[in-house]
Amino acid sequence: MKDNQLIYGIRAVLEAIHADQPINKIFIQKGLKGDLFKELETTIRKSGLSSSYVPIEKLNRMTRNNHQGIVAQISPVQFQDFEAMVEKVLSEEKMPFFLLLDQVSDVRNFGAIIRTAECCGVHGIIVPKNGSAPITDDTVKTSAGAVFNVPIAKVDHLKDALFYLQSSGIAITAATEKADDDIYSIGFDQPTAIIMGSEEKGVSPSVLGMVDHRAKLPLLGNIGSLNVSVACGVFLYEVVRQRLK
């Protein structure tokens, strides 16, 4: 990891949080103590940022600089304010098209999805702050630079984002193998959001309970599922196909 993607030191990370820097994750040395560290812990918790406690050896591998037991990984892109992003799209687009990712955790899958989303004209991508893949060099590379062209917003809770989208007239379709209908029976000639689930668990049950439609892909072989980035591509291009009619 390049040093220009890192912020290290307790005061430096505190200032970065207060300045709303796009922080992917904060790594904290196990056993760290002190008043300033407690202030940082409180600030991290209130900000809803992702963090983990790690051995000092991991921090030493991340940077050779004096990290004081704290290293923050910053994102190469600035995340959008969710509500502002949605309102901008609603005011500018006749047929809004959003993509939500329910804890897709692999950075390369994330990059591939962003690349396809950009090619399909998705107006915004929405991910939860916790449990989602960070945007790293690998994400940028896999996206072929598309990460700089598609607005991406992080939200505290995906269910709140769903409620906001639905109240704004956006129909939500979840990709799930548990659906009765396949994707080709859903109409996308309306403001639409597609939600894709994590690589291991799919869309969470609490989120599935809120969506307007559930849809699956027909699988004709012996394998029971597709890679999430591939499945996402099929879903997004079905929206494009219907809208190009």
# chains A, B, ... in the order shown; residues from 1 in each chain; ligands from 1
>>> residues_around(residues="Lys58 in chain A", least_positions_apart="4", cutoff="10 Å", atoms="only C-alpha atoms", output="list in words")
Phe27, Ile28, Gln29, Val54, Met62, Thr63 and Val71 of chain A
>>> closest_atom_pairs(of="range 102-220 of chain A", to="range 225-229 of chain A", cutoff="10 Å", atoms="only C-alpha atoms", output="Markdown table")
| residue | atom | partner | partner_atom | distance |
| --- | --- | --- | --- | --- |
| A:Val104 | CA | A:Val228 | CA | 8.2 |
| A:Asp106 | CA | A:Val228 | CA | 9.9 |
| A:Arg108 | CA | A:Ser229 | CA | 8.9 |
| A:Asn109 | CA | A:Ser229 | CA | 5.5 |
| A:Phe110 | CA | A:Ser229 | CA | 7.4 |
| A:Gly111 | CA | A:Ser229 | CA | 8.8 |
| A:Ala112 | CA | A:Ser229 | CA | 6.1 |
| A:Ile113 | CA | A:Ser229 | CA | 5.2 |
| A:Ile114 | CA | A:Ser229 | CA | 9.0 |
| A:Arg115 | CA | A:Ser229 | CA | 9.7 |
| A:Thr116 | CA | A:Ser229 | CA | 8.4 |
| A:Ala175 | CA | A:Val228 | CA | 9.7 |
| A:Thr176 | CA | A:Ser225 | CA | 9.9 |
| A:Glu177 | CA | A:Ser225 | CA | 8.0 |
| A:Met196 | CA | A:Val228 | CA | 7.4 |
| A:Gly197 | CA | A:Val228 | CA | 7.6 |
| A:Ser198 | CA | A:Val228 | CA | 7.4 |
| A:Glu199 | CA | A:Val228 | CA | 6.0 |
| A:Glu200 | CA | A:Val228 | CA | 9.4 |
| A:Gly202 | CA | A:Val228 | CA | 8.8 |
| A:Leu217 | CA | A:Ser225 | CA | 8.8 |
| A:Pro218 | CA | A:Ser225 | CA | 9.6 |
| A:Leu219 | CA | A:Ser225 | CA | 7.4 |
>>> write_last_selection(atoms="C-alpha atoms", output="short mmCIF file (atom, residue, chain, number, x, y, z; two decimals), in the first residue's frame")
data_model
loop_
_atom_site.label_atom_id
_atom_site.label_comp_id
_atom_site.auth_asym_id
_atom_site.auth_seq_id
_atom_site.Cartn_x
_atom_site.Cartn_y
_atom_site.Cartn_z
CA VAL A 104 -20.02 -6.83 -1.53
CA ASP A 106 -14.12 -8.19 -2.63
CA ARG A 108 -11.97 -6.67 -7.52
CA ASN A 109 -15.64 -7.61 -7.69
CA PHE A 110 -16.41 -4.07 -6.58
CA GLY A 111 -14.21 -2.65 -9.32
CA ALA A 112 -15.73 -4.89 -11.99
CA ILE A 113 -19.23 -3.92 -10.88
CA ILE A 114 -18.38 -0.21 -11.01
CA ARG A 115 -17.01 -0.64 -14.54
CA THR A 116 -20.19 -2.35 -15.74
CA ALA A 175 -31.23 -10.10 -7.21
CA THR A 176 -31.82 -13.33 -5.30
CA GLU A 177 -31.91 -17.04 -6.05
CA MET A 196 -26.99 -7.06 -5.39
CA GLY A 197 -25.99 -9.08 -2.35
CA SER A 198 -22.68 -10.19 -0.90
CA GLU A 199 -20.55 -12.92 -2.44
CA GLU A 200 -21.34 -15.41 0.33
CA GLY A 202 -26.58 -12.64 -1.02
CA LEU A 217 -31.30 -15.48 -13.21
CA PRO A 218 -32.13 -18.77 -14.96
CA LEU A 219 -29.25 -21.19 -14.42
#
>>> residues_around(residues="range 86-101 of chain A", least_positions_apart="2", cutoff="9 Å", atoms="only C-alpha atoms", output="NGL selection string")
:A and (81-84 or 103-104 or 110 or 117 or 121-128 or 132 or 158 or 162 or 165 or 168 or 170 or 189-198 or 203 or 236 or 239)
>>> closest_residue(among="A:Glu41, A:Asp20, A:Glu118, A:Asp102", to="Ala144 in chain A", atoms="only C-alpha atoms")
A:Glu118
>>> select_by_dssp(residues="range 147-182 of chain A", states="strand (DSSP E)", output="ChimeraX atom specification")
/A:152-155,171-175
>>> write_last_selection(atoms="all heavy atoms", output="compact mmCIF listing (two decimals), in the first residue's frame")
# COMPACT_ATOMS: atom_id res chain seq x y z
N ILE A 152 -20.57 7.63 -6.05
CA ILE A 152 -20.73 6.55 -5.07
C ILE A 152 -21.01 7.17 -3.71
O ILE A 152 -20.29 8.08 -3.27
CB ILE A 152 -19.46 5.67 -5.00
CG1 ILE A 152 -19.13 5.08 -6.38
CG2 ILE A 152 -19.65 4.55 -3.97
CD1 ILE A 152 -17.80 4.34 -6.43
N ALA A 153 -22.05 6.69 -3.06
CA ALA A 153 -22.42 7.21 -1.74
C ALA A 153 -22.37 6.09 -0.72
O ALA A 153 -22.75 4.95 -1.01
CB ALA A 153 -23.83 7.81 -1.77
N LYS A 154 -21.90 6.42 0.48
CA LYS A 154 -21.93 5.48 1.60
C LYS A 154 -23.04 5.89 2.56
O LYS A 154 -23.23 7.09 2.82
CB LYS A 154 -20.58 5.48 2.33
CG LYS A 154 -19.50 4.68 1.64
CD LYS A 154 -18.28 4.55 2.52
CE LYS A 154 -17.24 3.62 1.93
NZ LYS A 154 -16.08 3.42 2.84
N VAL A 155 -23.76 4.90 3.08
CA VAL A 155 -24.84 5.18 4.02
C VAL A 155 -24.65 4.36 5.29
O VAL A 155 -24.02 3.30 5.27
CB VAL A 155 -26.22 4.85 3.40
CG1 VAL A 155 -26.52 5.79 2.23
CG2 VAL A 155 -26.29 3.40 2.93
N ALA A 171 -38.43 2.20 -7.84
CA ALA A 171 -38.79 0.80 -7.60
C ALA A 171 -37.51 -0.01 -7.39
O ALA A 171 -36.57 0.08 -8.19
CB ALA A 171 -39.58 0.25 -8.78
N ILE A 172 -37.49 -0.83 -6.34
CA ILE A 172 -36.30 -1.60 -5.98
C ILE A 172 -36.47 -3.06 -6.38
O ILE A 172 -37.45 -3.71 -6.01
CB ILE A 172 -36.03 -1.54 -4.46
CG1 ILE A 172 -36.15 -0.12 -3.92
CG2 ILE A 172 -34.68 -2.16 -4.15
CD1 ILE A 172 -35.07 0.81 -4.34
N THR A 173 -35.50 -3.58 -7.13
CA THR A 173 -35.49 -5.00 -7.49
C THR A 173 -34.24 -5.64 -6.91
O THR A 173 -33.12 -5.18 -7.15
CB THR A 173 -35.49 -5.20 -9.01
OG1 THR A 173 -36.70 -4.67 -9.56
CG2 THR A 173 -35.39 -6.68 -9.37
N ALA A 174 -34.43 -6.71 -6.14
CA ALA A 174 -33.31 -7.43 -5.53
C ALA A 174 -32.98 -8.67 -6.34
O ALA A 174 -33.87 -9.41 -6.76
CB ALA A 174 -33.66 -7.84 -4.10
N ALA A 175 -31.69 -8.89 -6.55
CA ALA A 175 -31.23 -10.10 -7.21
C ALA A 175 -31.09 -11.19 -6.16
O ALA A 175 -30.30 -11.06 -5.23
CB ALA A 175 -29.89 -9.86 -7.89
>>> atom_distance(atom1="CA of Arg11 in chain A", atom2="CA of Asp35 in chain A")
11.8 Å
>>> closest_residue(among="A:Lys38, A:Lys129, A:Arg214, A:Arg243", to="Asp181 in chain A", atoms="only C-alpha atoms")
A:Arg214
>>> residues_around(residues="Lys159 in chain A", least_positions_apart="5", cutoff="9 Å", atoms="only C-alpha atoms", output="list of chain:residue names")
A:Tyr164, A:Ser206, A:Val207, A:Met210
>>> write_last_selection(atoms="C-alpha atoms", output="compact mmCIF listing (two decimals), in the first residue's frame")
# COMPACT_ATOMS: atom_id res chain seq x y z
CA TYR A 164 -35.64 7.03 0.93
CA SER A 206 -34.11 -7.72 6.31
CA VAL A 207 -33.38 -5.91 3.04
CA MET A 210 -38.38 -4.19 1.88
>>> atom_distance(atom1="CA of Ile70 in chain A", atom2="CA of Glu39 in chain A")
12.8 Å
>>> closest_residue(among="A:Gln68, A:Ser105, A:Thr142, A:Ser75", to="Ala12 in chain A", atoms="only C-alpha atoms")
A:Gln68
>>> select_by_dssp(residues="chain A", states="alpha helix (DSSP H)", output="PyMOL selection string")
chain A and resi 10-18+35-47+56-62+82-92+107-119+137-142+158-167+205-208+228-243
>>> closest_residue(among="A:Pro205, A:Gly187, A:Pro55, A:Gly69", to="Gln242 in chain A", atoms="only C-alpha atoms")
A:Gly187
>>> closest_residue(among="A:Leu59, A:Met85, A:Ile135, A:Leu36", to="Asn24 in chain A", atoms="only C-alpha atoms")
A:Ile135
>>> atom_distance(atom1="CA of Gly145 in chain A", atom2="CA of Tyr237 in chain A")
19.8 Å
>>> decode(residues="range 101-184 of chain A", atoms="C-alpha atoms", output="PDB file, in the first residue's frame")
ATOM      1  CA  LEU A 101     -24.551  -3.291  -3.059  1.00  0.00           C
ATOM      2  CA  ASP A 102     -25.360  -5.179   0.135  1.00  0.00           C
ATOM      3  CA  GLN A 103     -21.887  -5.828   1.598  1.00  0.00           C
ATOM      4  CA  VAL A 104     -20.017  -6.833  -1.531  1.00  0.00           C
ATOM      5  CA  SER A 105     -16.615  -7.257   0.109  1.00  0.00           C
ATOM      6  CA  ASP A 106     -14.121  -8.194  -2.627  1.00  0.00           C
ATOM      7  CA  VAL A 107     -12.309  -5.153  -4.034  1.00  0.00           C
ATOM      8  CA  ARG A 108     -11.969  -6.673  -7.515  1.00  0.00           C
ATOM      9  CA  ASN A 109     -15.637  -7.610  -7.686  1.00  0.00           C
ATOM     10  CA  PHE A 110     -16.414  -4.074  -6.575  1.00  0.00           C
ATOM     11  CA  GLY A 111     -14.208  -2.648  -9.319  1.00  0.00           C
ATOM     12  CA  ALA A 112     -15.731  -4.888 -11.994  1.00  0.00           C
ATOM     13  CA  ILE A 113     -19.233  -3.919 -10.882  1.00  0.00           C
ATOM     14  CA  ILE A 114     -18.385  -0.207 -11.008  1.00  0.00           C
ATOM     15  CA  ARG A 115     -17.008  -0.640 -14.544  1.00  0.00           C
ATOM     16  CA  THR A 116     -20.187  -2.348 -15.741  1.00  0.00           C
ATOM     17  CA  ALA A 117     -22.381   0.177 -13.930  1.00  0.00           C
ATOM     18  CA  GLU A 118     -20.627   3.037 -15.714  1.00  0.00           C
ATOM     19  CA  CYS A 119     -21.069   1.318 -19.087  1.00  0.00           C
ATOM     20  CA  CYS A 120     -24.784   0.820 -18.373  1.00  0.00           C
ATOM     21  CA  GLY A 121     -25.426   4.433 -17.431  1.00  0.00           C
ATOM     22  CA  VAL A 122     -26.058   3.868 -13.724  1.00  0.00           C
ATOM     23  CA  HIS A 123     -26.526   7.283 -12.129  1.00  0.00           C
ATOM     24  CA  GLY A 124     -25.287   6.374  -8.657  1.00  0.00           C
ATOM     25  CA  ILE A 125     -23.980   3.481  -6.562  1.00  0.00           C
ATOM     26  CA  ILE A 126     -24.924   3.124  -2.902  1.00  0.00           C
ATOM     27  CA  VAL A 127     -23.050   0.989  -0.363  1.00  0.00           C
ATOM     28  CA  PRO A 128     -23.206   0.621   3.433  1.00  0.00           C
ATOM     29  CA  LYS A 129     -20.358   2.106   5.465  1.00  0.00           C
ATOM     30  CA  ASN A 130     -19.689  -1.184   7.243  1.00  0.00           C
ATOM     31  CA  GLY A 131     -18.962  -4.477   5.516  1.00  0.00           C
ATOM     32  CA  SER A 132     -18.362  -3.106   2.016  1.00  0.00           C
ATOM     33  CA  ALA A 133     -15.169  -3.406   0.000  1.00  0.00           C
ATOM     34  CA  PRO A 134     -12.946  -0.321   0.220  1.00  0.00           C
ATOM     35  CA  ILE A 135     -11.865   1.534  -2.894  1.00  0.00           C
ATOM     36  CA  THR A 136      -8.214   0.618  -3.335  1.00  0.00           C
ATOM     37  CA  ASP A 137      -5.680   0.592  -6.176  1.00  0.00           C
ATOM     38  CA  ASP A 138      -7.056  -2.810  -7.185  1.00  0.00           C
ATOM     39  CA  THR A 139     -10.589  -1.416  -7.285  1.00  0.00           C
ATOM     40  CA  VAL A 140      -9.500   1.494  -9.458  1.00  0.00           C
ATOM     41  CA  LYS A 141      -7.556  -0.792 -11.793  1.00  0.00           C
ATOM     42  CA  THR A 142     -10.351  -3.363 -12.125  1.00  0.00           C
ATOM     43  CA  SER A 143     -12.864  -0.596 -12.789  1.00  0.00           C
ATOM     44  CA  ALA A 144     -10.640   0.702 -15.623  1.00  0.00           C
ATOM     45  CA  GLY A 145     -10.986   4.164 -14.092  1.00  0.00           C
ATOM     46  CA  ALA A 146     -14.794   4.055 -14.046  1.00  0.00           C
ATOM     47  CA  VAL A 147     -14.685   4.666 -10.301  1.00  0.00           C
ATOM     48  CA  PHE A 148     -13.956   8.311 -11.099  1.00  0.00           C
ATOM     49  CA  ASN A 149     -17.007   8.620 -13.368  1.00  0.00           C
ATOM     50  CA  VAL A 150     -19.836   7.144 -11.276  1.00  0.00           C
ATOM     51  CA  PRO A 151     -21.036   8.877  -8.085  1.00  0.00           C
ATOM     52  CA  ILE A 152     -20.728   6.552  -5.073  1.00  0.00           C
ATOM     53  CA  ALA A 153     -22.425   7.210  -1.741  1.00  0.00           C
ATOM     54  CA  LYS A 154     -21.928   5.483   1.604  1.00  0.00           C
ATOM     55  CA  VAL A 155     -24.844   5.180   4.022  1.00  0.00           C
ATOM     56  CA  ASP A 156     -25.089   4.131   7.664  1.00  0.00           C
ATOM     57  CA  HIS A 157     -27.908   1.668   7.003  1.00  0.00           C
ATOM     58  CA  LEU A 158     -28.946   0.276   3.630  1.00  0.00           C
ATOM     59  CA  LYS A 159     -32.559  -0.074   4.756  1.00  0.00           C
ATOM     60  CA  ASP A 160     -32.796   3.677   5.334  1.00  0.00           C
ATOM     61  CA  ALA A 161     -31.477   4.225   1.797  1.00  0.00           C
ATOM     62  CA  LEU A 162     -34.109   1.848   0.412  1.00  0.00           C
ATOM     63  CA  PHE A 163     -36.882   3.678   2.242  1.00  0.00           C
ATOM     64  CA  TYR A 164     -35.639   7.027   0.927  1.00  0.00           C
ATOM     65  CA  LEU A 165     -35.443   5.754  -2.657  1.00  0.00           C
ATOM     66  CA  GLN A 166     -38.898   4.191  -2.509  1.00  0.00           C
ATOM     67  CA  SER A 167     -40.405   7.360  -1.072  1.00  0.00           C
ATOM     68  CA  SER A 168     -38.800   9.166  -4.017  1.00  0.00           C
ATOM     69  CA  GLY A 169     -40.601   6.932  -6.512  1.00  0.00           C
ATOM     70  CA  ILE A 170     -37.795   4.465  -7.204  1.00  0.00           C
ATOM     71  CA  ALA A 171     -38.786   0.803  -7.601  1.00  0.00           C
ATOM     72  CA  ILE A 172     -36.296  -1.603  -5.975  1.00  0.00           C
ATOM     73  CA  THR A 173     -35.485  -4.999  -7.490  1.00  0.00           C
ATOM     74  CA  ALA A 174     -33.311  -7.429  -5.528  1.00  0.00           C
ATOM     75  CA  ALA A 175     -31.228 -10.103  -7.210  1.00  0.00           C
ATOM     76  CA  THR A 176     -31.824 -13.328  -5.300  1.00  0.00           C
ATOM     77  CA  GLU A 177     -31.906 -17.040  -6.051  1.00  0.00           C
ATOM     78  CA  LYS A 178     -34.907 -17.277  -3.711  1.00  0.00           C
ATOM     79  CA  ALA A 179     -37.166 -15.383  -6.113  1.00  0.00           C
ATOM     80  CA  ASP A 180     -40.098 -16.954  -7.946  1.00  0.00           C
ATOM     81  CA  ASP A 181     -39.753 -14.628 -10.942  1.00  0.00           C
ATOM     82  CA  ASP A 182     -36.790 -14.362 -13.259  1.00  0.00           C
ATOM     83  CA  ILE A 183     -35.297 -11.036 -14.284  1.00  0.00           C
ATOM     84  CA  TYR A 184     -36.993 -11.098 -17.695  1.00  0.00           C
TER      85      TYR A 184
END
